[in-house]
Every structure is written in C-alpha cells, then in structure tokens.
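Colleague: Let me begin by handing over the structure; questions about it come next.
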Amino acid sequence: MGDEPVIVVGVKQVPDDDEVRIDPDTGHLDRASAPAVMNPPDRNALEAALGLRDDAGGTVVAVTMGPPTATDVLEEAVAIGCDDAALITDRAFAGSDTWPTSLTLAAAAESLGADVFVCGEETTDSSTGQVPPGIAAHLGWAQLTYAEELDPEFDDETLVARRDVEGGHEVVAAELPVVVAVAYGEFEPRPAGLHRKLYAESEFEPIELSAEDIGLDDDEVGIDASPTEVGGMETVEPVERERVVVEGVDELADELAETEVFG
Amino acid sequence: MTETAPETDTDGSTDRIDLTDRDTATPDYDDAFDAVVVGAGLAGSTAALTMADEGLDVLLVERGRYPGAKNVFGGVLYTPTLRQLVDVDAAPLERYIAERRFGMLSDEDETAVSISPGEWHDPPHNDSYTVLRGEFDEWLAEQAVEAGATLVTRTTVTGLLREGDRVVGIETDRPDGTIRAPYVVLAEGGNSLVSEGADLKEKDRRENVAVGVKEVLEFPEREHAIEDRFRLTGDAGVSYHYFGEGAVGDAFGGGFIYTNGDTVSVGLAYRLSDAATSQPDPEGTLNAFKTHPAVAPLLRGARTVEYTAKTIPEGGADEIPELVHDGAVIVGDAAGLVLNNGLHLEGTNMAVESGYHAANAVASAAQRGRTDADALAAYREDLESSFVVENLERYEWLIERVQADRELLFEELPRAVADAGSEYFRMDRAPKDQHASTAKRELLRAVGGYTGAAKLAVRYRKLLS
C-alpha cells in the first residue's frame with residue numbers, strides 16, 4: 001500500500017424501482033420509461049467507502065461502467081463526498097455480462113491503484129451479485145461479502161469486516177488489497193452537502209477511461225466475451241386458487257375444520 | 001501490496017492513472033450567485049429564466065426530485081406572458097381550450113352555459129392550454145437552465161440568512177447547507193413556511209385558504225373516449241367549471257373538469273374553513289361530484305391514475321403580503337396571487353407575471369448595486385399596474401358578495417333555475433303560457449320577487465361594467 005489508501009467504489013445506474021410502472025392491462029413491467037437512478041445498494045457501498053476514509057484517511061474514487069449518460073451517477077457520488085470519479089466507457093463494452101464486467105472493473109481498480117474496492121451487494125436491475133466476487137477472482141484478491149461493519153487496520157495491511165451469515169455473523173480479517181461487497185441496507189448513506197452537490201453537478205467532470213486505457217483488448221469484453229446464453233423465456237400462468245366465501249367467523253371455523261387445517 | 005503476485009486476469013503492466021493533478025476540492029459558493037430562487041414552480045422558473053436572460057448568475061433550488069414533482073393545479077395555463085419569454089409551442093402542452101362551460105349543479109340537475117368561439121381554434125388559441133405540471137414545470141426549469149441558471153433539486157430551503165433585516169442568503173436541509181447571495185426570490189408556493197418563518201408574511205387565515213383535490217383519470221378501454229364525450233377534434237380541449245351544491249356540497253367553491261391529451265383532470269376546490277366545519281371530507285365531496293348525474297357519464301369507465309391535494313391562497317388583493325424586502329422578493333402563490341371568483345380560476349399566469357416582474361426589478365437593482373427594498377420597489381409597482389393586482393382588486397367585491405349570497409347563489413338559485421327550466425319546457429296538455437308563468441313564478445320566488453331580483457341585479461351589476 002502507498003502512503004494513502006486508495007478506495008475505489010463501484011456504482012451503477014439502474015431504472016428507478018419506484019417509477020417502474022406495471023402496465024395494468026398486460027401486467028408487464030415497463031422499465032424503459034423509468035428514470036435512471038443510482039443502484040440503491042450502491043448507496044450503502046458509498047457510505048462504507050466514505051466511512052473508511054473518515055477512519056483511515058485516503059482517497060475515495062467512484063467508478064462506473066456505462067454510456068456517457070452514466071456520468072449522472074458519478075456526479076451524485078462526488079456530491080455525497082467521493083474525491084474523484086471515473087467513467088469507464090467504450091463501445092467495446094456493449095453487451096457485457098457479469099464476466100467481462102467484473103474483468104473491466106478489476107482492470108480499472110488496478111489502473112487506479114486501488115487498495116480496497118467497495119461494491120453494493122447486487123444491482124436491482126439484474127440481481128446476480130456476481131460482480132464483486134468476480135472482481136476479486138480476476139485480480140486474485142481477497143473478498144469480504146455481506147459486510148455489515150468495517151474496521152480498517154490499514155497499518156497492518158488489513159481490513160476487518162463483520163459479515164452477515166446465516167444464523168448470525170462472523171468477523172473476518174482480510175489482507176489488502178481486498179474487494180468488499182456491502183450488505184444491502186447496512187451503512188446508512190449520508191446526504192450530500194449543498195456546496196459539494198453544486199460543485200458535482202455544475203463543474204465536476206469525471207475521468208474517462210476506455211478499454212485500452214485500463215489495459216484491456218476489445219475482444220476481452222463485450223457480448224462476445226460474455227458466456228451467458230439465454231436458454232429461453234417462459235411466461236408462467238398463475239394457478240387458479242380454490243375459493244370459498246363464508247359468512248362470519250363460525251362458518252369459517254367450520255370450513256377450516258372440514259379441510260382439517262385444524263380440528 | 002501483497003508479497004506474492006497472485007494469479008490475475010488483468011494486465012498489471014498498464015500505466016497507473018495519476019489522480020494527483022486532479023483538483024476536485026469543493027469551492028465555496030457563497031456570493032457566487034447573484035440571486036437564489038426558492039422553488040422551481042412557474043413563478044420561480046420564470047424568475048430564474050428572466051434573471052438569467054438579464055445576465056445574472058442564478059441558483060434555482062427545488063425540493064422535489066425534479067421541478068414539477070411537487071406541484072399541483074387544476075389544469076389550465078394561460079400563456080400570454082410566457083409566450084414572450086419562451087417558445088410555448090415547443091412546450092409539453094396537452095390541449096388548447098376550445099370550449100368553456102359553466103354548469104350550475106343542484107343535487108340532481110344541471111343548468112349550463114357553454115361558449116366555444118371559432119377563433120379559439122386558431123393559434124395562439126386565446127393563450128389557454130391544459131398542461132400537466134410534472135412535465136411542464138420540468139420543461140420550464142430546463143429553459144431557465146439553458147438560459148444559464150443552475151438548478152439544484154431534492155434540496156429544501158428551511159430558512160433565510162439575515163444580516164439585521166436584510167436577507168443575505170438561504171439555509172437548506174443539507175449539510176454545509178447555507179449559501180449567501182445578494183437577492184432571494186421566494187417562490188415557494190402556497191404553503192410558504194420560509195417566508196412566514198422569516199416574518200416576511202403573516203400566516204394565512206383559514207377563511208383565505210382553499211383546499212383543492214384533484215384526480216387525473218384515464219379511459220383504458222376506450223381509445224377516443226375524450227374526443228367523443230367532449231366533442232373534440234385534434235388538439236382541442238375543454239374547460240368545464242361547476243358551481244352549486246352538486247359540485248361542492250355546503251362549501252364555498254367549485255368543481256372542474258379539464259381535458260388533457262389522454263386523460264382528464266377532475267377536481268374541486270373550496271374554502272378550508274368549510275373543510276373544517278360544514279363540508280369536512282374533500283375526498284368524499286369529490287366522489288359525490290364525480291357521481292353527479294351530469295358528471296358521471298363524462299367519466300364512465302375511467303380509472304384514476306393520480307390523486308393530489310393542495311392548499312390554495314385565496315385571500316385576494318387585501319391579503320397580498322409586503323412583496324419586497326431588503327434582499328428578497330415574494331412571488332406566485334407565496335404572495336397569494338390567485339384569482340378564484342367562480343368565473344375565473346387563475347393563478348399560474350399570475351405566478352409567471354409576478355416572477356417576470358420580480359426578476360426585472362432584481363436585475364435593475366443589481367445593475368445599480370443595491371439590495372434594499374426601495375431598490376426593488378419596481379416589482380411591487382409593476383405588479384400593481386399589471387392585470388394581476390388589477391384583476392384581484394376588480395373581483396374583490398364579487399368574491400365578498402358571492403360569499404354573502406352563497407346559499408342563494410349555490411343552492412336556492414340552481415334549484416330554482418333547474419325547476420323553472422323543466423317547468424318551462426314541460427310537455428303535457430297545458431298551454432305553454434301556463435308553463436312559462438309557473439317557471440317565472442318559481443324563479444322570482446327564489447330571488448325574492450321583483451324587488452329581490454332588482455336588488456340582485458344591482459348588487460352584481462359591476463360584473464358587466
């Protein structure tokens with residue numbers, strides 16, 4: 001680790017869940033009309049990253065992979081308190097699934113000299129949760145997933161995390177560099193300061209990085225480098241449930257007794 | 001870094017990206033802007049746009065997630081002033097108003113007057129359009145930003161910075177949330193907590209505030225329902241106003257239906273004092289209005305897609321607060337600039353007008369390097385000589401009179417008119433003469449005989465003068 005730790009935090013633009021309309025006639029989700037917002041779990045990741053800086057100093061850099069319009073989510077990250085932000089953008093990335101996406105973020109982390117890469121638990125538009133472990137795998141770094149609490153012991157090249165595991169929690173220490181995936185809902189995000197928000201939205205310009213800038217060849221990313229194959233789609237028809245209308249509690253009790261739900 | 005090189009899929013030899021040259025420190029924006037506008041509604045965005053056009057650096061602060069997200073009105077925007085400032089034809093307009101209809105509703109009857117002059121079909125359509133605020137306000141704020149203003153959303157102004165009596169900036173709900181600026185334009189809307197909190201205006205009394213509720217309805221099963229039911233072609237639309245107990249029960253106010261592109265806005269507004277006493281349930285009142293026999297067929301098969309409510313300042317000319325202060329001006333609904341006399345329901349056009357005049361006054365004061373109230377007095381003077389205050393003053397008497405005669409006008413007369421109408425046109429074997437005199441007798445009884453009718457005519461003569 002250099003003198004000052006570099007903390008990279010991954011953020012992504014997703015359709016706003018609150019604004020995704022359900023067509024009342026067809027029941028289909030209409031995602032296209034929903035405005036793009038920051039992936040909600042990434043807000044927790046941002047807070048975790050800024051908390052590390054509060055405790056241990058260093059620089060927090062937000063990164064996102066996407067088209068130039070994704071700059072909005074970086075501005076928001078800078079408004080909330082990130083020191084800098086990088087937009088990883090290249091036509092070559094089009095159609096990337098989680099494999100090339102995590103490779104790209106891994107390459108960006110390396111180029112930025114990251115000591116810690118903080119991510120949200122998953123994105124709300126695809127919900128795989130594969131990218132944070134993918135980044136760790138591509139880089140050969142340690143990973144701390146479902147982190148609820150972080151304790152930087154950077155002098156010892158160590159990050160300690162309390163992890164949410166089934167039935168309780170465990171405390172794990174990982175050697176730097178490390179990828180952290182923050183448990184969704186932990187690390188209550190801080191609001192953006194007014195002056196910082198004004199700066200982020202009106203003056204700040206992110207660093208732009210192409211595939212080449214971070215040492216990736218075009219054939220390592222994009223749809224051709226994506227192993228995911230969609231096998232097919234099926235629409236499941238809801239099963240018609242059996243219904244009985246009863247008048248009053250006594251009749252309900254009788255019905256239930258008859259079906260032997262209780263005696 | 002780690003001692004042993006781990007197995008990695010990335011090209012570790014790529015050049016490090018150097019961040020040390022990047023200057024991303026937070027600048028201090030105190031006094032970086034000439035003016036801060038509180039609220040990106042129609043008054044605020046017009047003020048921001050006008051000041052930006054005049055070369056001022058303007059910060060427009062909005063609490064909603066986008067301009068218009070929090071804004072509610074009935075539905076018709078009158079655009080003569082806006083047309084001089086922006087390209088109204090490029091704005092998200094719903095329909096132009098081709099017909100205005102005024103219906104008196106008793107419990108079961110309607111007696112209506114409808115006007116649809118041919119010239120309203122021709123541009124600029126009498127400058128009357130239905131709009132949806134969510135879209136229109138966002139668009140207008142964009143025009144302000146294109147003119148050079150800076151917009152910041154999701155930020156609630158909680159107070160004003162003062163130096164003595166002078167307003168020198170705003171306080172927001174954000175950390176590091178104060179910002180100084182020479183001028184503050186208060187365009188915060190009817191619920192004007194900032195202006196009141198800073199003692200720039202008094203709290204409204206409930207007699208001077210109306211509560212408005214509104215639904216936006218769509219017709220899922222019928223593609224041309226709006227055109228067919230309201231007899232429309234192309235972009236033509238209607239404005240229907242309703243009075244009487246069939247519209248708002250025992251309250252002082254009225255109901256409306258406006259046609260948008262694919263939806264209709266249906267709502268009503270009445271005095272908060274009535275909502276606190278005789279007509280306590282605005283939602284129930286709206287439902288009763290929607291199911292009135294004269295209204296229900298227009299809305300049959302409709303589905304509610306939006307329900308909103310707001311308070312409307314209706315104090316008239318007497319209740320306009322002091323508009324100019326040292327370092328600050330009050331515009332739009334926050335200044336009580338709403339006209340509701342039954343015939344005319346206007347507010348957004350007055351908001352635009354006030355934002356425009358306030359902005360010009362600020363620009364002129366800035367040129368002279370002054371921030372005191374006297375230097376901003378041109379705003380008050382321009383507004384007083386504009387249609388805004390002229391209309392408010394002109395109709396002040398009408399609103400008072402109508403209030404006093406409300407039982408007669410909204411209950412007895414609609415019933416009598418409906419009864420007289422059905423009597424006049426009654427088809428039975430009696431001669432028409434007899435129906436006519438019965439109808440006349442019923443009408444006269446309602447207004448108190450010939451003497452009463454004459455008195456009524458005198459009381460309302462100014463309507464036509």
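Labels for the structure tokens follow display order: chains A, B, ..., residues from 1 in each chain, ligands from 1.
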Go through chain B residue by residue and, counting only C-alpha atoms, keep those with an atom at most 9 Å from chain A; for each kept residue give the shortest atom pair and its distance in Å to one decimal, ordered by chain and increasing number, as CSV.
Modeller:
residue,atom,partner,partner_atom,distance
B:Met1,CA,A:Met1,CA,5.0
B:Thr2,CA,A:Leu176,CA,7.0
B:Ala5,CA,A:Gly140,CA,8.7
B:Pro6,CA,A:Gly140,CA,5.3
B:Glu7,CA,A:Gly140,CA,5.5
B:Thr8,CA,A:Leu139,CA,4.6
B:Asp9,CA,A:His138,CA,5.0
B:Thr10,CA,A:Ala107,CA,5.5
B:Asp11,CA,A:Gly215,CA,5.8
B:Gly12,CA,A:Glu110,CA,7.0
B:Ser13,CA,A:Gly215,CA,8.0
B:Thr14,CA,A:Gly215,CA,5.4
B:Asp15,CA,A:Ser111,CA,6.6
B:Arg16,CA,A:Ser111,CA,4.8
B:Ile17,CA,A:Leu112,CA,5.4
B:Asp18,CA,A:Leu112,CA,7.5
B:Leu19,CA,A:Leu112,CA,8.1
B:Arg22,CA,A:Asp84,CA,8.1
B:Asp23,CA,A:Asp84,CA,8.9
B:Thr24,CA,A:Asp83,CA,6.5
B:Ala25,CA,A:Asp83,CA,7.7
B:Thr26,CA,A:Arg196,CA,5.5
B:Pro27,CA,A:Tyr199,CA,6.9
B:Asp28,CA,A:His195,CA,6.6
B:Tyr29,CA,A:His195,CA,6.4
B:Asp30,CA,A:His195,CA,8.8
B:Thr150,CA,A:Ser202,CA,7.3
B:Leu151,CA,A:Leu198,CA,8.7
B:Val152,CA,A:Leu198,CA,7.0
B:Thr155,CA,A:Leu194,CA,8.1
B:Thr172,CA,A:Leu194,CA,7.9
B:Asp173,CA,A:Leu194,CA,8.7
B:Arg174,CA,A:Gly193,CA,5.4
B:Pro175,CA,A:Gly193,CA,4.5
B:Asp176,CA,A:Gly193,CA,5.2
B:Gly177,CA,A:Leu194,CA,4.9
B:Thr178,CA,A:Leu194,CA,7.5
B:Ile179,CA,A:His195,CA,8.0
B:Pro220,CA,A:Asp25,CA,8.2
Colleague: Atoms to include: C-alpha atoms. Write the selected residues as a PDB file, in the first residue's frame.
Modeller:
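This is the output file out-v2.pdb:
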ATOM      1  CA  MET B   1       0.612  -4.614  -1.742  1.00  0.00           C
ATOM      2  CA  THR B   2       0.836  -8.358  -1.218  1.00  0.00           C
ATOM      3  CA  ALA B   5       1.966 -11.986  -7.009  1.00  0.00           C
ATOM      4  CA  PRO B   6      -1.470 -13.596  -7.198  1.00  0.00           C
ATOM      5  CA  GLU B   7      -2.842 -15.126 -10.328  1.00  0.00           C
ATOM      6  CA  THR B   8      -4.602 -12.350 -12.218  1.00  0.00           C
ATOM      7  CA  ASP B   9      -6.601 -11.910 -15.433  1.00  0.00           C
ATOM      8  CA  THR B  10      -5.729  -8.224 -15.816  1.00  0.00           C
ATOM      9  CA  ASP B  11      -2.714  -6.662 -17.460  1.00  0.00           C
ATOM     10  CA  GLY B  12      -0.743  -5.432 -14.470  1.00  0.00           C
ATOM     11  CA  SER B  13       1.733  -3.554 -16.629  1.00  0.00           C
ATOM     12  CA  THR B  14      -0.790  -0.887 -17.661  1.00  0.00           C
ATOM     13  CA  ASP B  15       0.153   2.656 -16.679  1.00  0.00           C
ATOM     14  CA  ARG B  16      -1.221   3.841 -13.363  1.00  0.00           C
ATOM     15  CA  ILE B  17      -3.793   6.567 -13.771  1.00  0.00           C
ATOM     16  CA  ASP B  18      -2.474   9.567 -11.943  1.00  0.00           C
ATOM     17  CA  LEU B  19      -5.050  11.365  -9.834  1.00  0.00           C
ATOM     18  CA  ARG B  22      -6.957  16.468 -10.429  1.00  0.00           C
ATOM     19  CA  ASP B  23      -8.344  19.388  -8.458  1.00  0.00           C
ATOM     20  CA  THR B  24     -11.687  18.279  -7.090  1.00  0.00           C
ATOM     21  CA  ALA B  25     -11.820  20.321  -3.907  1.00  0.00           C
ATOM     22  CA  THR B  26     -15.202  21.826  -3.024  1.00  0.00           C
ATOM     23  CA  PRO B  27     -15.401  25.501  -3.997  1.00  0.00           C
ATOM     24  CA  ASP B  28     -17.201  27.956  -1.742  1.00  0.00           C
ATOM     25  CA  TYR B  29     -20.346  29.158  -3.497  1.00  0.00           C
ATOM     26  CA  ASP B  30     -21.153  31.931  -1.029  1.00  0.00           C
ATOM     27  CA  THR B 150     -28.099  26.490 -12.103  1.00  0.00           C
ATOM     28  CA  LEU B 151     -30.766  24.095 -10.847  1.00  0.00           C
ATOM     29  CA  VAL B 152     -30.359  22.046  -7.692  1.00  0.00           C
ATOM     30  CA  THR B 155     -32.963  20.391  -1.556  1.00  0.00           C
ATOM     31  CA  THR B 172     -31.253  24.318   3.472  1.00  0.00           C
ATOM     32  CA  ASP B 173     -31.757  20.852   4.898  1.00  0.00           C
ATOM     33  CA  ARG B 174     -28.383  19.716   3.558  1.00  0.00           C
ATOM     34  CA  PRO B 175     -25.103  19.547   5.466  1.00  0.00           C
ATOM     35  CA  ASP B 176     -22.946  22.599   4.734  1.00  0.00           C
ATOM     36  CA  GLY B 177     -26.339  23.837   3.629  1.00  0.00           C
ATOM     37  CA  THR B 178     -26.270  27.625   3.759  1.00  0.00           C
ATOM     38  CA  ILE B 179     -25.450  29.779   0.788  1.00  0.00           C
ATOM     39  CA  PRO B 220     -58.336   2.272 -20.503  1.00  0.00           C
TER      40      PRO B 220
END
Colleague: Among region 131-271 of chain B, which ones does DSSP assign to strand (DSSP E or B) (computed from the backbone)? Answer as number ranges by chain.
Modeller: B: 150-152, 157-163, 166-172, 178-180, 183-186, 209-218, 236-243, 253-259, 263-271
Colleague: Restrict the selected residues to C-alpha atoms and save them as a CSV table (one decimal), in the first residue's frame.
Modeller:
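Below is the file that was written, result_0.csv:
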chain,number,residue,atom,x,y,z
B,150,THR,CA,-28.1,26.5,-12.1
B,151,LEU,CA,-30.8,24.1,-10.8
B,152,VAL,CA,-30.4,22.0,-7.7
B,157,VAL,CA,-34.9,25.6,1.9
B,158,THR,CA,-35.5,25.7,5.6
B,159,GLY,CA,-34.8,29.4,6.4
B,160,LEU,CA,-33.2,32.6,5.4
B,161,LEU,CA,-29.9,34.1,6.3
B,162,ARG,CA,-30.2,37.6,7.7
B,163,GLU,CA,-27.9,40.5,8.5
B,166,ARG,CA,-31.6,42.2,5.2
B,167,VAL,CA,-31.9,38.8,3.7
B,168,VAL,CA,-28.5,37.6,2.6
B,169,GLY,CA,-29.0,34.0,1.6
B,170,ILE,CA,-30.7,30.7,2.4
B,171,GLU,CA,-30.5,27.8,4.7
B,172,THR,CA,-31.3,24.3,3.5
B,178,THR,CA,-26.3,27.6,3.8
B,179,ILE,CA,-25.5,29.8,0.8
B,180,ARG,CA,-25.2,33.5,0.6
B,183,TYR,CA,-31.0,38.5,-3.6
B,184,VAL,CA,-33.5,35.8,-2.7
B,185,VAL,CA,-36.7,35.3,-4.7
B,186,LEU,CA,-39.2,33.4,-2.6
B,209,VAL,CA,-57.2,29.4,2.0
B,210,ALA,CA,-58.9,26.9,-0.2
B,211,VAL,CA,-58.3,23.2,-0.2
B,212,GLY,CA,-58.0,21.7,-3.7
B,213,VAL,CA,-58.3,18.0,-4.5
B,214,LYS,CA,-57.8,16.6,-8.0
B,215,GLU,CA,-57.7,13.3,-9.8
B,216,VAL,CA,-56.3,12.5,-13.2
B,217,LEU,CA,-58.3,9.8,-14.9
B,218,GLU,CA,-57.6,7.7,-18.0
B,236,ALA,CA,-58.9,20.9,-29.0
B,237,GLY,CA,-59.9,20.6,-25.3
B,238,VAL,CA,-62.5,21.8,-22.8
B,239,SER,CA,-62.7,23.6,-19.5
B,240,TYR,CA,-65.8,22.8,-17.6
B,241,HIS,CA,-66.5,24.7,-14.3
B,242,TYR,CA,-69.2,23.7,-12.0
B,243,PHE,CA,-70.9,25.5,-9.1
B,253,GLY,CA,-66.0,26.9,-4.1
B,254,GLY,CA,-66.4,24.9,-7.3
B,255,GLY,CA,-65.5,21.9,-9.3
B,256,PHE,CA,-63.9,21.4,-12.7
B,257,ILE,CA,-63.1,19.0,-15.5
B,258,TYR,CA,-60.3,19.7,-17.9
B,259,THR,CA,-59.2,17.5,-20.8
B,263,THR,CA,-56.5,11.9,-19.6
B,264,VAL,CA,-59.0,14.2,-17.8
B,265,SER,CA,-58.4,16.2,-14.7
B,266,VAL,CA,-61.3,16.3,-12.3
B,267,GLY,CA,-61.3,18.2,-9.1
B,268,LEU,CA,-62.7,20.8,-6.8
B,269,ALA,CA,-61.6,23.5,-4.5
B,270,TYR,CA,-63.3,25.0,-1.6
B,271,ARG,CA,-62.6,27.1,1.5
Colleague: Smallest atom-to-atom distance to Glu353 (chain B): which of B:Glu221, B:Asp21, B:Glu322, B:Glu384, using only C-alpha atoms?
Modeller: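 Residue with the minimum atom-to-atom distance to Glu353 (chain B): B:Glu384.
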Colleague: Could you pull out the alpha helix (DSSP H) residues of region 361-440 of chain B, going by DSSP on the backbone, and write them as a JSON list (two decimals) with C-alpha atoms, in the first residue's frame?
Modeller:
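part.json was written with the following content:
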[["chain", "number", "residue", "atom", "x", "y", "z"],
["B", 361, "ALA", "CA", -36.66, 44.51, -10.59],
["B", 362, "VAL", "CA", -33.82, 42.39, -9.20],
["B", 363, "ALA", "CA", -31.81, 42.77, -12.42],
["B", 364, "SER", "CA", -32.27, 46.53, -12.35],
["B", 365, "ALA", "CA", -31.34, 46.78, -8.66],
["B", 366, "ALA", "CA", -28.27, 44.59, -9.28],
["B", 367, "GLN", "CA", -27.17, 46.94, -12.02],
["B", 377, "ALA", "CA", -39.95, 48.55, -5.32],
["B", 378, "ALA", "CA", -40.35, 48.43, -9.10],
["B", 379, "TYR", "CA", -41.57, 44.85, -8.67],
["B", 380, "ARG", "CA", -44.49, 45.91, -6.48],
["B", 381, "GLU", "CA", -45.31, 48.84, -8.76],
["B", 382, "ASP", "CA", -45.15, 46.78, -11.95],
["B", 383, "LEU", "CA", -47.30, 44.07, -10.44],
["B", 384, "GLU", "CA", -49.84, 46.60, -9.16],
["B", 387, "PHE", "CA", -53.50, 42.54, -14.76],
["B", 388, "VAL", "CA", -52.57, 40.55, -11.66],
["B", 389, "VAL", "CA", -53.44, 43.06, -8.98],
["B", 390, "GLU", "CA", -55.94, 44.87, -11.21],
["B", 391, "ASN", "CA", -57.97, 41.67, -11.53],
["B", 392, "LEU", "CA", -57.63, 40.78, -7.87],
["B", 393, "GLU", "CA", -58.92, 44.20, -6.88],
["B", 394, "ARG", "CA", -61.63, 44.27, -9.51],
["B", 396, "GLU", "CA", -62.64, 41.53, -4.61],
["B", 397, "TRP", "CA", -66.22, 42.80, -4.23],
["B", 398, "LEU", "CA", -67.59, 39.89, -6.21],
["B", 399, "ILE", "CA", -65.98, 37.29, -4.01],
["B", 400, "GLU", "CA", -67.26, 39.01, -0.87],
["B", 401, "ARG", "CA", -70.74, 39.35, -2.30],
["B", 402, "VAL", "CA", -70.88, 35.80, -3.52],
["B", 403, "GLN", "CA", -69.73, 34.64, -0.09],
["B", 404, "ALA", "CA", -72.59, 36.58, 1.49],
["B", 406, "ARG", "CA", -73.77, 31.76, -1.15],
["B", 407, "GLU", "CA", -76.92, 29.99, -0.08],
["B", 413, "LEU", "CA", -80.93, 29.57, -7.37],
["B", 414, "PRO", "CA", -79.54, 26.45, -9.10],
["B", 415, "ARG", "CA", -82.53, 24.50, -7.84],
["B", 416, "ALA", "CA", -84.96, 27.23, -8.91],
["B", 417, "VAL", "CA", -83.33, 27.59, -12.32],
["B", 418, "ALA", "CA", -83.45, 23.86, -12.89],
["B", 419, "ASP", "CA", -87.07, 23.68, -11.73],
["B", 420, "ALA", "CA", -88.02, 26.70, -13.82],
["B", 421, "GLY", "CA", -86.27, 25.17, -16.82],
["B", 422, "SER", "CA", -88.07, 21.90, -16.53],
["B", 423, "GLU", "CA", -91.35, 23.71, -15.96],
["B", 424, "TYR", "CA", -90.82, 25.98, -18.98],
["B", 432, "LYS", "CA", -97.11, 26.83, -22.87],
["B", 433, "ASP", "CA", -98.16, 30.18, -21.46],
["B", 434, "GLN", "CA", -99.12, 28.49, -18.26],
["B", 435, "HIS", "CA", -95.71, 26.71, -18.02],
["B", 436, "ALA", "CA", -93.91, 29.96, -18.69],
["B", 437, "SER", "CA", -95.68, 31.82, -15.93],
["B", 438, "THR", "CA", -95.18, 28.97, -13.46],
["B", 439, "ALA", "CA", -91.48, 28.93, -14.35],
["B", 440, "LYS", "CA", -91.24, 32.68, -13.89]]
Colleague: Which polymer residues have any atom within 12 Å of an atom of Leu132 (chain B), counting only C-alpha atoms, with same-chain residues fewer than 5 positions away left out, as a PyMOL selection string?
Modeller: chain B and resi 67-77+91-95+137-139+215-216+258-265+306
Colleague: Show which residues sit within 7 Å of Leu323 (chain B), as a ChimeraX atom specification. Count only C-alpha atoms, and ignore same-chain residues fewer than 6 positions away.
Modeller: /B:329-330,335,380
Colleague: Do you know which residues are at most 12 Å from Glu153 (chain A) counting only C-alpha atoms, after dropping those on the same chain fewer than 6 positions away, and could you put them as a compact mmCIF listing (two decimals) with C-alpha atoms, in the first residue's frame?
Modeller:
# COMPACT_ATOMS: atom_id res chain seq x y z
CA PRO A 5 -5.02 4.18 0.77
CA LEU A 52 -13.22 4.00 5.66
CA ARG A 53 -11.79 7.35 4.58
CA ASP A 55 -11.41 6.43 9.85
CA ALA A 56 -8.19 5.88 7.96
CA GLY A 57 -7.77 8.73 5.51
CA LEU A 159 -9.40 -4.81 6.65
CA VAL A 160 -11.64 -6.40 9.27
CA ALA A 161 -15.29 -6.98 8.44
CA ALA A 173 -9.84 -10.09 8.65
CA ALA A 174 -8.58 -9.89 5.07
CA GLU A 175 -5.23 -8.82 3.79
CA LEU A 176 -5.18 -5.86 1.41
Colleague: Tell me which protein, DNA and RNA residues are within 9 Å of Arg370 (chain B), counting only C-alpha atoms, leaving out same-chain ones fewer than 6 positions away, and put them as a short mmCIF file (atom, residue, chain, number, x, y, z; two decimals) with C-alpha atoms, in the first residue's frame.
Modeller:
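Done, and the output landed in selection.cif:
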data_model
loop_
_atom_site.label_atom_id
_atom_site.label_comp_id
_atom_site.auth_asym_id
_atom_site.auth_seq_id
_atom_site.Cartn_x
_atom_site.Cartn_y
_atom_site.Cartn_z
CA PRO B 182 -27.44 39.27 -2.61
CA GLY B 327 -32.64 41.47 -0.28
CA SER B 364 -32.27 46.53 -12.35
CA LEU B 376 -36.74 46.52 -5.54
#
Colleague: List as a list in words the protein and nucleic acid residues near region 12-23 of chain A, meaning an atom at most 9 Å away when only C-alpha atoms are counted, but skip any in the same chain fewer than 4 places from it.
Modeller: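 Residues meeting the cut-off are Gly27, His28, Leu29, Asp30, Arg31, Ala32, Ser33, Ala34, Pro35, Ala36, Val37, Met38, Asn39, Pro40, Asp42, Val63, Thr64, Met65, Gly66, Ala70, Asp72, Val73, Leu74, Thr123, Thr124 and Asp125 of chain A.
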Colleague: Could you tell me which of B:Val194, B:Ala40, B:Ala112, B:Ala181 comes closest to Ala334 (chain B) if we count only C-alpha atoms?
Modeller: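 Smallest distance to Ala334 (chain B) is found for B:Val194.
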